[in-house]
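Student: For reference, the file my_file-v6.cif (mmCIF, C-alpha atoms and all ligand atoms) is included below:
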data_query
#
loop_
_atom_site.label_atom_id
_atom_site.label_comp_id
_atom_site.auth_asym_id
_atom_site.auth_seq_id
_atom_site.Cartn_x
_atom_site.Cartn_y
_atom_site.Cartn_z
CA MET A 1 98.39 125.17 117.44
CA LYS A 2 99.36 122.72 114.73
CA GLN A 3 98.75 119.07 115.55
CA SER A 4 101.69 116.69 115.22
CA ILE A 5 101.40 113.26 113.71
CA LEU A 6 103.91 110.44 114.04
CA VAL A 7 103.90 108.49 110.78
CA THR A 8 105.54 105.08 111.07
CA GLY A 9 106.60 103.75 107.67
CA GLY A 10 106.20 107.27 106.30
CA ALA A 11 108.94 106.83 103.69
CA GLY A 12 107.06 103.98 101.99
CA PHE A 13 104.63 104.01 99.08
CA ILE A 14 101.43 104.91 100.91
CA GLY A 15 103.16 106.64 103.82
CA SER A 16 104.96 109.13 101.57
CA HIS A 17 101.70 110.14 99.88
CA CYS A 18 100.10 110.47 103.29
CA CYS A 19 102.91 112.77 104.48
CA VAL A 20 102.18 115.07 101.52
CA GLU A 21 98.50 115.08 102.40
CA LEU A 22 99.21 115.77 106.09
CA LEU A 23 101.61 118.64 105.32
CA ASP A 24 99.09 120.08 102.86
CA HIS A 25 96.53 119.96 105.68
CA ASN A 26 98.89 121.87 107.97
CA PHE A 27 99.89 119.06 110.32
CA ASN A 28 103.42 118.71 111.68
CA VAL A 29 104.81 115.41 110.48
CA ILE A 30 107.35 113.18 112.21
CA VAL A 31 108.34 110.11 110.22
CA LEU A 32 109.80 107.00 111.83
CA ASP A 33 111.03 104.50 109.24
CA ASN A 34 113.85 101.96 109.20
CA LEU A 35 114.15 102.32 105.39
CA SER A 36 113.98 98.52 105.00
CA ASN A 37 111.70 98.99 101.99
CA SER A 38 112.10 102.64 101.07
CA SER A 39 114.58 105.33 100.16
CA ILE A 40 115.79 108.39 102.04
CA LYS A 41 115.35 110.29 98.76
CA VAL A 42 111.60 110.28 99.32
CA LEU A 43 112.03 112.99 101.95
CA ASP A 44 113.41 115.58 99.55
CA ARG A 45 110.67 114.75 97.08
CA ILE A 46 107.98 115.32 99.71
CA LYS A 47 109.59 118.65 100.55
CA LYS A 48 109.68 119.59 96.87
CA ILE A 49 105.98 118.81 96.44
CA THR A 50 104.75 120.54 99.58
CA GLY A 51 107.35 123.24 100.14
CA LYS A 52 107.32 122.11 103.79
CA GLU A 53 109.70 120.31 106.11
CA LEU A 54 109.06 117.12 108.01
CA HIS A 55 111.07 115.57 110.80
CA PHE A 56 112.66 112.23 109.90
CA ILE A 57 113.91 109.61 112.34
CA GLN A 58 115.58 106.53 110.93
CA GLY A 59 114.69 103.69 113.24
CA ASP A 60 112.58 100.67 113.97
CA ILE A 61 109.16 100.46 115.59
CA ARG A 62 110.43 97.46 117.58
CA ASP A 63 113.06 99.62 119.29
CA LYS A 64 111.50 100.45 122.68
CA VAL A 65 114.24 102.84 123.75
CA LEU A 66 113.99 104.80 120.53
CA LEU A 67 110.20 105.01 120.75
CA ASP A 68 110.45 106.33 124.29
CA GLN A 69 112.85 109.02 123.05
CA VAL A 70 110.59 109.93 120.13
CA PHE A 71 107.54 110.36 122.36
CA THR A 72 109.56 112.23 124.99
CA GLN A 73 111.24 114.63 122.59
CA HIS A 74 108.23 115.38 120.38
CA HIS A 75 104.75 116.49 121.21
CA ILE A 76 102.60 113.95 119.32
CA ASP A 77 98.82 114.07 118.98
CA ALA A 78 98.26 110.89 116.97
CA VAL A 79 100.02 108.09 115.16
CA ILE A 80 99.44 106.77 111.66
CA HIS A 81 100.94 103.31 111.56
CA PHE A 82 102.09 102.11 108.12
CA ALA A 83 105.33 100.41 109.12
CA GLY A 84 105.34 96.73 108.30
CA LEU A 85 106.29 94.13 105.76
CA LYS A 86 103.83 93.40 102.97
CA ALA A 87 105.05 90.74 100.52
CA VAL A 88 102.55 87.89 100.61
CA GLY A 89 104.89 85.25 99.13
CA GLU A 90 107.80 86.20 101.38
CA SER A 91 105.52 86.00 104.42
CA MET A 92 105.12 82.27 103.74
CA GLN A 93 108.90 81.75 103.73
CA VAL A 94 109.78 83.82 106.79
CA PRO A 95 106.62 83.92 108.92
CA LEU A 96 108.38 84.90 112.13
CA THR A 97 110.01 87.90 110.46
CA TYR A 98 106.54 89.03 109.44
CA PHE A 99 104.98 88.38 112.83
CA ASP A 100 107.87 90.15 114.55
CA ASN A 101 107.72 93.27 112.33
CA ASN A 102 103.98 93.53 111.93
CA ILE A 103 102.58 92.13 115.18
CA SER A 104 105.36 92.62 117.77
CA GLY A 105 106.22 95.96 116.17
CA SER A 106 102.62 97.14 116.59
CA ILE A 107 102.55 95.98 120.22
CA THR A 108 105.80 97.82 121.02
CA LEU A 109 104.36 100.95 119.43
CA LEU A 110 101.14 100.64 121.46
CA GLN A 111 103.10 100.16 124.68
CA ALA A 112 105.06 103.34 124.05
CA MET A 113 101.87 105.22 123.17
CA GLN A 114 100.23 104.00 126.37
CA GLN A 115 103.20 105.05 128.45
CA HIS A 116 103.06 108.54 126.95
CA ARG A 117 99.24 108.74 127.07
CA ILE A 118 98.75 109.04 123.32
CA GLY A 119 95.61 107.19 122.29
CA HIS A 120 94.81 108.06 118.67
CA LEU A 121 96.06 105.65 116.03
CA VAL A 122 95.19 104.94 112.40
CA PHE A 123 96.17 101.45 111.33
CA SER A 124 96.85 100.15 107.79
CA SER A 125 94.75 97.07 107.45
CA SER A 126 93.76 95.25 104.29
CA ALA A 127 90.76 93.76 102.52
CA THR A 128 92.63 90.50 102.94
CA VAL A 129 90.97 90.17 106.41
CA TYR A 130 87.67 89.28 104.68
CA GLY A 131 89.18 86.03 103.39
CA GLU A 132 88.05 84.31 100.23
CA ASN A 133 84.46 83.32 100.66
CA TYR A 134 82.25 86.40 100.70
CA PRO A 135 80.73 87.88 97.58
CA SER A 136 81.55 91.53 96.90
CA PRO A 137 80.74 94.26 97.75
CA LEU A 138 82.41 93.57 101.07
CA HIS A 139 80.88 95.36 104.04
CA GLU A 140 82.66 96.11 107.32
CA ASP A 141 80.03 94.15 109.28
CA LEU A 142 81.09 90.84 107.73
CA PRO A 143 82.96 88.60 110.15
CA THR A 144 86.65 88.43 109.33
CA ALA A 145 87.98 85.13 108.05
CA GLN A 146 91.15 83.11 108.58
CA PRO A 147 93.62 84.56 106.05
CA THR A 148 95.34 82.20 103.62
CA ASN A 149 98.79 83.74 104.07
CA ASN A 150 100.97 84.95 106.91
CA TYR A 151 100.93 88.57 105.81
CA GLY A 152 97.13 88.52 105.98
CA TYR A 153 97.31 86.76 109.32
CA SER A 154 99.51 89.53 110.72
CA LYS A 155 96.98 92.19 109.62
CA LEU A 156 94.07 90.31 111.16
CA ALA A 157 96.05 89.70 114.35
CA VAL A 158 96.80 93.42 114.76
CA GLU A 159 93.15 94.31 114.08
CA GLN A 160 92.12 91.92 116.85
CA ILE A 161 94.82 93.16 119.22
CA LEU A 162 93.66 96.75 118.67
CA GLN A 163 90.04 95.83 119.32
CA ALA A 164 90.90 93.97 122.51
CA THR A 165 93.24 96.74 123.69
CA ALA A 166 90.62 99.44 123.10
CA LYS A 167 88.20 97.62 125.40
CA ALA A 168 90.61 97.85 128.31
CA ASN A 169 90.52 101.63 128.80
CA ASP A 170 89.27 104.85 127.32
CA LEU A 171 92.67 106.21 126.34
CA TRP A 172 92.36 104.56 122.97
CA SER A 173 90.74 105.66 119.76
CA PHE A 174 91.62 103.49 116.78
CA ALA A 175 90.79 103.70 113.08
CA LEU A 176 91.25 100.43 111.22
CA LEU A 177 91.42 101.23 107.52
CA ARG A 178 90.97 98.23 105.24
CA TYR A 179 92.63 99.19 102.00
CA PHE A 180 91.56 97.60 98.75
CA ASN A 181 94.12 97.87 95.89
CA PRO A 182 96.14 101.10 96.11
CA ILE A 183 97.77 102.08 92.81
CA GLY A 184 98.76 105.28 91.01
CA ALA A 185 101.25 107.86 92.15
CA HIS A 186 101.40 111.55 93.04
CA GLN A 187 100.54 113.74 90.02
CA SER A 188 103.94 115.41 90.24
CA GLY A 189 105.66 112.16 89.23
CA LEU A 190 108.05 112.71 92.16
CA ILE A 191 106.85 109.94 94.48
CA GLY A 192 105.39 106.52 93.71
CA GLU A 193 105.69 102.80 94.27
CA ASP A 194 109.20 101.38 94.03
CA PRO A 195 109.11 97.65 94.78
CA ASN A 196 112.26 95.64 95.40
CA GLY A 197 113.01 92.95 92.82
CA ILE A 198 110.31 91.35 90.70
CA PRO A 199 106.96 92.96 91.50
CA ASN A 200 104.16 90.78 92.90
CA ASN A 201 101.40 93.30 92.39
CA LEU A 202 99.71 94.05 89.11
CA LEU A 203 100.51 97.70 88.45
CA PRO A 204 104.25 97.68 89.09
CA TYR A 205 104.44 94.64 86.81
CA VAL A 206 102.43 96.44 84.14
CA THR A 207 104.61 99.57 84.24
CA GLN A 208 107.86 97.59 84.29
CA THR A 209 106.66 95.60 81.27
CA ALA A 210 105.75 98.81 79.48
CA MET A 211 109.28 100.10 80.27
CA GLY A 212 110.80 96.96 78.75
CA LYS A 213 112.22 95.88 82.12
CA ARG A 214 109.99 92.78 82.08
CA GLU A 215 109.32 90.86 78.91
CA VAL A 216 105.70 89.98 79.33
CA LEU A 217 102.91 90.52 81.85
CA SER A 218 101.28 87.28 82.92
CA ILE A 219 97.56 87.65 83.57
CA TYR A 220 96.72 85.07 86.21
CA GLY A 221 93.55 83.26 85.22
CA HIS A 222 91.27 83.72 82.24
CA ASP A 223 88.48 81.47 83.49
CA TYR A 224 87.08 83.32 86.49
CA PRO A 225 83.32 83.82 86.57
CA THR A 226 83.72 87.51 85.62
CA GLN A 227 82.79 89.50 82.51
CA ASP A 228 86.04 88.67 80.69
CA GLY A 229 87.36 85.76 82.78
CA THR A 230 90.04 87.78 84.59
CA GLY A 231 90.03 88.76 88.27
CA VAL A 232 88.21 91.88 89.42
CA ARG A 233 89.62 94.32 91.99
CA ASP A 234 88.80 97.67 93.56
CA PHE A 235 91.72 99.88 92.54
CA ILE A 236 92.07 103.13 94.46
CA HIS A 237 94.37 106.06 93.74
CA VAL A 238 97.05 106.29 96.43
CA VAL A 239 96.40 110.04 96.72
CA ASP A 240 92.75 109.31 97.57
CA LEU A 241 93.89 106.67 100.03
CA ALA A 242 96.22 109.21 101.65
CA HIS A 243 93.33 111.65 101.88
CA ALA A 244 91.26 108.99 103.66
CA HIS A 245 93.87 108.96 106.43
CA VAL A 246 93.43 112.67 107.06
CA LYS A 247 89.66 112.15 107.16
CA ALA A 248 90.08 109.25 109.59
CA LEU A 249 92.38 111.31 111.83
CA GLN A 250 89.91 114.18 111.89
CA TYR A 251 87.17 111.73 112.81
CA LEU A 252 89.22 110.34 115.68
CA PHE A 253 89.89 113.84 116.99
CA THR A 254 86.26 114.93 116.80
CA HIS A 255 84.34 111.73 117.65
CA LYS A 256 86.91 109.71 119.60
CA PRO A 257 85.39 106.31 118.82
CA SER A 258 86.92 103.42 120.69
CA VAL A 259 87.41 101.55 117.41
CA GLY A 260 86.18 102.44 113.93
CA ILE A 261 86.57 100.13 110.95
CA TRP A 262 86.37 101.48 107.42
CA ASN A 263 86.86 100.05 103.96
CA ILE A 264 88.91 102.35 101.81
CA GLY A 265 88.08 101.63 98.21
CA THR A 266 86.07 103.16 95.41
CA GLY A 267 83.25 100.62 95.51
CA THR A 268 83.83 99.76 91.84
CA GLY A 269 85.57 96.68 90.52
CA TYR A 270 87.60 96.56 87.32
CA SER A 271 88.94 93.39 85.73
CA VAL A 272 92.65 92.85 85.18
CA LEU A 273 92.10 92.82 81.43
CA GLU A 274 90.16 96.09 81.59
CA VAL A 275 93.04 97.64 83.52
CA VAL A 276 95.55 96.44 80.95
CA LYS A 277 93.50 97.77 78.05
CA ARG A 278 92.80 101.10 79.73
CA PHE A 279 96.51 101.41 80.56
CA GLU A 280 97.35 100.97 76.87
CA GLN A 281 94.73 103.45 75.79
CA VAL A 282 95.38 106.17 78.35
CA ASN A 283 99.13 106.07 77.85
CA GLN A 284 99.10 105.38 74.11
CA LEU A 285 101.30 102.30 74.20
CA LYS A 286 101.18 98.54 73.67
CA LEU A 287 101.68 96.09 76.47
CA ASN A 288 102.99 92.59 75.95
CA TYR A 289 100.75 90.23 77.91
CA GLN A 290 99.77 86.57 78.07
CA PHE A 291 97.16 84.54 79.92
CA VAL A 292 98.49 81.96 82.36
CA GLU A 293 97.07 79.74 85.12
CA ARG A 294 95.35 81.30 88.12
CA ARG A 295 97.64 82.37 90.96
CA ALA A 296 97.16 80.36 94.15
CA GLY A 297 95.29 82.28 96.84
CA ASP A 298 93.61 84.78 94.46
CA VAL A 299 89.88 85.43 94.66
CA ALA A 300 87.79 86.06 91.53
CA VAL A 301 86.22 89.31 92.64
CA CYS A 302 87.03 91.72 95.47
CA PHE A 303 85.58 95.20 95.80
CA ALA A 304 84.43 97.36 98.65
CA ASP A 305 81.15 98.57 99.94
CA ALA A 306 82.49 102.11 100.32
CA ASN A 307 79.41 103.64 101.99
CA LYS A 308 80.54 103.57 105.61
CA ALA A 309 83.63 105.68 104.91
CA LYS A 310 81.43 108.10 102.98
CA GLN A 311 78.86 108.38 105.77
CA ASP A 312 81.19 108.54 108.76
CA LEU A 313 84.34 110.14 107.38
CA GLY A 314 82.94 112.03 104.42
CA PHE A 315 85.47 110.17 102.31
CA VAL A 316 84.81 109.51 98.64
CA ALA A 317 87.57 108.60 96.19
CA GLU A 318 87.92 111.33 93.59
CA HIS A 319 90.24 109.83 91.01
CA ASN A 320 89.05 107.42 88.35
CA LEU A 321 90.88 104.47 86.84
CA ASP A 322 92.29 106.55 83.97
CA ASP A 323 93.79 109.02 86.47
CA MET A 324 95.42 106.14 88.34
CA LEU A 325 96.87 104.61 85.18
CA ARG A 326 98.10 107.92 83.81
CA ASP A 327 99.74 108.90 87.10
CA VAL A 328 101.42 105.55 87.66
CA TRP A 329 102.93 105.68 84.18
CA HIS A 330 104.02 109.28 84.70
CA TRP A 331 105.87 108.20 87.85
CA GLN A 332 107.45 105.12 86.25
CA SER A 333 108.50 106.87 83.05
CA GLN A 334 110.00 109.81 84.99
CA ASN A 335 111.78 107.40 87.36
CA PRO A 336 112.68 104.29 85.36
CA ASP A 337 114.70 102.91 88.28
CA GLY A 338 112.45 104.22 91.02
CA TYR A 339 114.46 106.08 93.63
CA ALA A 340 117.74 104.33 92.71
P1 LIG B 401 105.92 100.04 101.90
O1 LIG B 401 106.76 98.84 102.08
O2 LIG B 401 106.17 100.91 100.73
O3 LIG B 401 105.97 100.95 103.22
C1 LIG B 401 106.19 100.42 104.50
C2 LIG B 401 107.28 101.25 105.15
O4 LIG B 401 107.51 100.75 106.46
C3 LIG B 401 108.62 101.18 104.42
O5 LIG B 401 109.11 102.49 104.23
C4 LIG B 401 109.52 100.38 105.34
O6 LIG B 401 110.88 100.78 105.24
C5 LIG B 401 108.91 100.68 106.69
N1 LIG B 401 109.11 99.64 107.70
C6 LIG B 401 108.89 98.31 107.58
N2 LIG B 401 109.14 97.68 108.75
C7 LIG B 401 109.49 98.65 109.64
C8 LIG B 401 109.86 98.64 111.00
N3 LIG B 401 109.92 97.49 111.69
N4 LIG B 401 110.18 99.81 111.60
C9 LIG B 401 110.14 100.97 110.90
N5 LIG B 401 109.81 101.03 109.61
C10 LIG B 401 109.48 99.90 108.98
O7 LIG B 401 104.39 99.55 101.92
P2 LIG B 401 103.06 100.35 101.56
O8 LIG B 401 102.51 99.78 100.33
O9 LIG B 401 103.30 101.79 101.68
O10 LIG B 401 102.14 99.84 102.75
C11 LIG B 401 101.99 100.57 103.95
C12 LIG B 401 101.13 99.76 104.91
O11 LIG B 401 99.88 99.50 104.30
C13 LIG B 401 101.73 98.41 105.27
O12 LIG B 401 101.42 98.15 106.63
C14 LIG B 401 100.97 97.45 104.37
O13 LIG B 401 100.88 96.17 104.92
C15 LIG B 401 99.59 98.11 104.33
N6 LIG B 401 98.82 97.75 103.14
C16 LIG B 401 99.36 97.96 101.90
C17 LIG B 401 98.64 97.60 100.77
C18 LIG B 401 99.23 97.80 99.39
O14 LIG B 401 98.67 97.31 98.42
N7 LIG B 401 100.30 98.55 99.22
C19 LIG B 401 97.36 97.04 100.90
C20 LIG B 401 96.83 96.85 102.18
C21 LIG B 401 97.57 97.22 103.30
C1 LIG B 402 97.55 91.35 97.00
C2 LIG B 402 97.55 90.45 98.19
C3 LIG B 402 96.86 91.14 99.35
C4 LIG B 402 97.54 92.47 99.63
C5 LIG B 402 97.54 93.29 98.35
C6 LIG B 402 98.32 94.57 98.55
C7 LIG B 402 97.56 88.14 97.36
C8 LIG B 402 96.77 86.89 97.17
N1 LIG B 402 96.89 89.19 97.88
O1 LIG B 402 96.19 91.62 96.59
O2 LIG B 402 96.93 90.33 100.50
O3 LIG B 402 96.84 93.17 100.65
O4 LIG B 402 98.17 92.56 97.30
O5 LIG B 402 99.68 94.32 98.74
O6 LIG B 402 98.73 88.19 97.04
N2 LIG B 402 97.74 89.92 88.63
C9 LIG B 402 98.10 89.44 87.39
N3 LIG B 402 99.41 89.46 87.04
C10 LIG B 402 100.40 89.95 87.87
C11 LIG B 402 100.01 90.43 89.14
C12 LIG B 402 98.68 90.40 89.49
O7 LIG B 402 97.24 88.99 86.62
O8 LIG B 402 101.58 89.92 87.49
C13 LIG B 402 96.31 89.93 89.00
C14 LIG B 402 96.00 89.09 90.22
O9 LIG B 402 95.76 87.76 89.88
C15 LIG B 402 94.77 89.83 90.77
C16 LIG B 402 94.99 91.29 90.36
O10 LIG B 402 95.95 91.25 89.31
O11 LIG B 402 93.61 89.36 90.12
C17 LIG B 402 95.54 92.15 91.48
O12 LIG B 402 96.70 91.51 92.02
P1 LIG B 402 97.67 92.20 93.07
O13 LIG B 402 98.07 93.54 92.58
O14 LIG B 402 98.74 91.23 93.42
O15 LIG B 402 96.72 92.45 94.33
P2 LIG B 402 95.79 91.40 95.11
O16 LIG B 402 96.10 90.01 94.75
O17 LIG B 402 94.39 91.86 94.93
#
Could you quickly redo this structure as structure tokens?
Tutor:
Amino acid sequence: MKQSILVTGGAGFIGSHCCVELLDHNFNVIVLDNLSNSSIKVLDRIKKITGKELHFIQGDIRDKVLLDQVFTQHHIDAVIHFAGLKAVGESMQVPLTYFDNNISGSITLLQAMQQHRIGHLVFSSSATVYGENYPSPLHEDLPTAQPTNNYGYSKLAVEQILQATAKANDLWSFALLRYFNPIGAHQSGLIGEDPNGIPNNLLPYVTQTAMGKREVLSIYGHDYPTQDGTGVRDFIHVVDLAHAHVKALQYLFTHKPSVGIWNIGTGTGYSVLEVVKRFEQVNQLKLNYQFVERRAGDVAVCFADANKAKQDLGFVAEHNLDDMLRDVWHWQSQNPDGYA
């Protein structure tokens, strides 16, 4: 019998790619999303890519009554939990909104899972939990650090809540996936990242500048102790990241660890300037960019030790930087206004 996965936040950037991957791997998919940062149009696109249906429920993970209905009406084997807010700057202005969505929302979800005796959950964490002070590559055994922003705090808090909850009884089996920098888009050009307003993250800013929507890309910092003075990150193709979730799910089903923590990156760092130059080369265009002051809160270098995910989950990222930059431009040029 097919296994059924509840995907919270499944209409979002990473969630939508994960739904494709799950359907391709023959899982039933039930998406719960309040569409606060995504479009209903994603669902048709997923169907077009996979030729398969998913079940969509528009609603909020903080809605206890709804969650009870979802778990009563659907047979669910595991949950992949993407739903949450993710804008670092905004999290400093409205901390309680972030804590409510990301922390209280996760607790409400766990309570409903407990009530319905569903113990498997994959959680979207972030490399941000390592803080600023460790040299890369970052290994899962490093102690986590106090995050510098409220978004990061909410991720660390949920990680800690999951670890404490798992100790209490053997119902639980949690995968904490610490994503590095997800970029790219599905090769079809049908789904991709569609940020609201002015993008904070590098790639959406790059593609919107290439489109002429933004005048100039500001590269934050040209004086880092890196090969060209710009920051270094571990960029991972969102399709690889989605695949890692299927691997993590399979691991939970077969090994049932109480808690497993895995970095999901490629293990290779590229500088911002390298990314910009490769983007120009791969897509045969010129990008208008300038160097400006460092951005507060940024680290010089951040990349993963990706060995644990390889050993335990058999996960290795398959797409290279050129693939990511080609696919993200394909998405943006096919959908100049995203899903609008
Ligand atoms: P996204 O905003 O595109 O997707 C999140 C989805 O969750 C959206 O569709 C949104 O409508 C939904 N949502 C938000 N709050 C909800 C709620 N209370 N109830 C129901 N639905 C809700 O973000 P993404 O980039 O796809 O990120 C997915 C997850 O991965 C998030 O938890 C994010 O913090 C985490 N993460 C993302 C990155 C990244 O670079 N994109 C890096 C590390 C971790
Ligand atoms: C950021 C968040 C991190 C979050 C992740 C995914 C911060 C400090 N960190 O990571 O918590 O998990 O996004 O949402 O916000 N850059 C430019 N110009 C731009 C944008 C970015 O030069 O217009 C540079 C940055 O300085 C950085 C690199 O590009 O060196 C990547 O930035 P970004 O895409 O924002 O990701 P992170 O900062 O790594």
Student: Kindly provide the residues of range 85-139 of chain A that approach range 48-65 of chain A to within 10 Å, each paired with its closest atom pair and their distance in Å to one decimal, based on all atoms listed in the file, listed by chain and increasing number, as CSV.
Tutor:
residue,atom,partner,partner_atom,distance
A:Asp100,CA,A:Arg62,CA,8.3
A:Asn101,CA,A:Arg62,CA,7.2
A:Asn102,CA,A:Ile61,CA,9.4
A:Ile103,CA,A:Arg62,CA,9.8
A:Ser104,CA,A:Arg62,CA,7.0
A:Gly105,CA,A:Arg62,CA,4.7
A:Ser106,CA,A:Ile61,CA,7.4
A:Ile107,CA,A:Arg62,CA,8.4
A:Thr108,CA,A:Arg62,CA,5.8
A:Leu109,CA,A:Ile61,CA,6.2
A:Leu110,CA,A:Ile61,CA,9.9
A:Gln111,CA,A:Lys64,CA,8.6
A:Ala112,CA,A:Lys64,CA,7.2
Student: Which of these, A:Ala306, A:Leu217, A:Leu35, A:Leu85, has the shortest distance to Ala244 in chain A once you count all atoms listed in the file?
Tutor: A:Ala306
Student: So which residues touch Asn283 in chain A within 8 Å, counting all atoms listed in the file, skipping near sequence neighbours fewer than 6 positions away, as number ranges by chain?
Tutor: A: 325-326, 329
Student: With all atoms listed in the file as the basis for distance, which of A:Gly229, A:Gly15, A:Pro143, A:Pro137 is at the shortest distance from ligand LIG 402 (chain B)?
Tutor: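 Nearest to ligand LIG 402 (chain B): A:Gly229.
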Student: Check which residues fall inside 8 Å of ligand LIG 402 (chain B) when counting only C-alpha atoms and all ligand atoms, and print them as a PyMOL selection string.
Tutor: chain A and resi 86-89+126-128+149+151-152+179-182+199-203+205-206+217-221+230-233+271-272+294-302
Student: Separation of CA of Arg117 in chain A and CA of Asp77 in chain A, in Å?
Tutor: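 Separation of CA of Arg117 in chain A and CA of Asp77 in chain A: 9.7 Å.
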Student: For range 303-314 of chain A, take all atoms listed in the file, fit an axis-aligned box around them, add 3 Å to each of the six sides, then output centre and edge lengths in Å rounded to one decimal, as AutoDock Vina command-line options.
Tutor:
--center_x 82.2 --center_y 103.6 --center_z 102.3 --size_x 12.7 --size_y 22.8 --size_z 19.0
Student: For range 118-124 of chain A, where the input has fewer atoms than it should, I would like all heavy atoms rebuilt and written as a PDB file, in the frame of the given file.
Tutor:
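Generated output (rebuild39.pdb):
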ATOM      1  N   ILE A 118      99.203 108.646 124.658  1.00  0.00           N
ATOM      2  CA  ILE A 118      98.750 109.040 123.320  1.00  0.00           C
ATOM      3  C   ILE A 118      97.841 107.929 122.815  1.00  0.00           C
ATOM      4  O   ILE A 118      98.269 106.772 122.702  1.00  0.00           O
ATOM      5  CB  ILE A 118      99.945 109.230 122.369  1.00  0.00           C
ATOM      6  CG1 ILE A 118     100.792 110.398 122.874  1.00  0.00           C
ATOM      7  CG2 ILE A 118      99.488 109.506 120.924  1.00  0.00           C
ATOM      8  CD1 ILE A 118     102.218 110.285 122.500  1.00  0.00           C
ATOM      9  N   GLY A 119      96.593 108.253 122.537  1.00  0.00           N
ATOM     10  CA  GLY A 119      95.610 107.190 122.290  1.00  0.00           C
ATOM     11  C   GLY A 119      95.105 107.077 120.863  1.00  0.00           C
ATOM     12  O   GLY A 119      94.475 106.088 120.507  1.00  0.00           O
ATOM     13  N   HIS A 120      95.380 108.087 120.018  1.00  0.00           N
ATOM     14  CA  HIS A 120      94.810 108.060 118.670  1.00  0.00           C
ATOM     15  C   HIS A 120      95.740 107.361 117.690  1.00  0.00           C
ATOM     16  O   HIS A 120      96.904 107.766 117.548  1.00  0.00           O
ATOM     17  CB  HIS A 120      94.571 109.490 118.167  1.00  0.00           C
ATOM     18  CG  HIS A 120      93.541 110.235 118.958  1.00  0.00           C
ATOM     19  ND1 HIS A 120      93.860 111.099 119.968  1.00  0.00           N
ATOM     20  CD2 HIS A 120      92.196 110.217 118.888  1.00  0.00           C
ATOM     21  CE1 HIS A 120      92.744 111.608 120.490  1.00  0.00           C
ATOM     22  NE2 HIS A 120      91.727 111.079 119.847  1.00  0.00           N
ATOM     23  N   LEU A 121      95.223 106.374 117.009  1.00  0.00           N
ATOM     24  CA  LEU A 121      96.060 105.650 116.030  1.00  0.00           C
ATOM     25  C   LEU A 121      95.229 105.218 114.833  1.00  0.00           C
ATOM     26  O   LEU A 121      94.124 104.693 114.976  1.00  0.00           O
ATOM     27  CB  LEU A 121      96.691 104.420 116.700  1.00  0.00           C
ATOM     28  CG  LEU A 121      97.524 103.534 115.769  1.00  0.00           C
ATOM     29  CD1 LEU A 121      98.918 103.297 116.334  1.00  0.00           C
ATOM     30  CD2 LEU A 121      96.871 102.189 115.550  1.00  0.00           C
ATOM     31  N   VAL A 122      95.793 105.441 113.649  1.00  0.00           N
ATOM     32  CA  VAL A 122      95.190 104.940 112.400  1.00  0.00           C
ATOM     33  C   VAL A 122      96.048 103.788 111.928  1.00  0.00           C
ATOM     34  O   VAL A 122      97.274 103.934 111.792  1.00  0.00           O
ATOM     35  CB  VAL A 122      95.154 106.055 111.321  1.00  0.00           C
ATOM     36  CG1 VAL A 122      94.520 105.529 110.035  1.00  0.00           C
ATOM     37  CG2 VAL A 122      94.405 107.287 111.823  1.00  0.00           C
ATOM     38  N   PHE A 123      95.420 102.653 111.694  1.00  0.00           N
ATOM     39  CA  PHE A 123      96.170 101.450 111.330  1.00  0.00           C
ATOM     40  C   PHE A 123      95.870 101.028 109.889  1.00  0.00           C
ATOM     41  O   PHE A 123      94.719 100.992 109.455  1.00  0.00           O
ATOM     42  CB  PHE A 123      95.800 100.299 112.285  1.00  0.00           C
ATOM     43  CG  PHE A 123      96.414  98.981 111.888  1.00  0.00           C
ATOM     44  CD1 PHE A 123      97.795  98.825 111.841  1.00  0.00           C
ATOM     45  CD2 PHE A 123      95.607  97.899 111.533  1.00  0.00           C
ATOM     46  CE1 PHE A 123      98.362  97.611 111.447  1.00  0.00           C
ATOM     47  CE2 PHE A 123      96.171  96.685 111.144  1.00  0.00           C
ATOM     48  CZ  PHE A 123      97.548  96.544 111.110  1.00  0.00           C
ATOM     49  N   SER A 124      96.951 100.642 109.177  1.00  0.00           N
ATOM     50  CA  SER A 124      96.850 100.150 107.790  1.00  0.00           C
ATOM     51  C   SER A 124      96.439  98.698 107.783  1.00  0.00           C
ATOM     52  O   SER A 124      97.281  97.811 107.909  1.00  0.00           O
ATOM     53  CB  SER A 124      98.226 100.181 107.118  1.00  0.00           C
ATOM     54  OG  SER A 124      98.766 101.445 107.066  1.00  0.00           O
TER      55      SER A 124
END
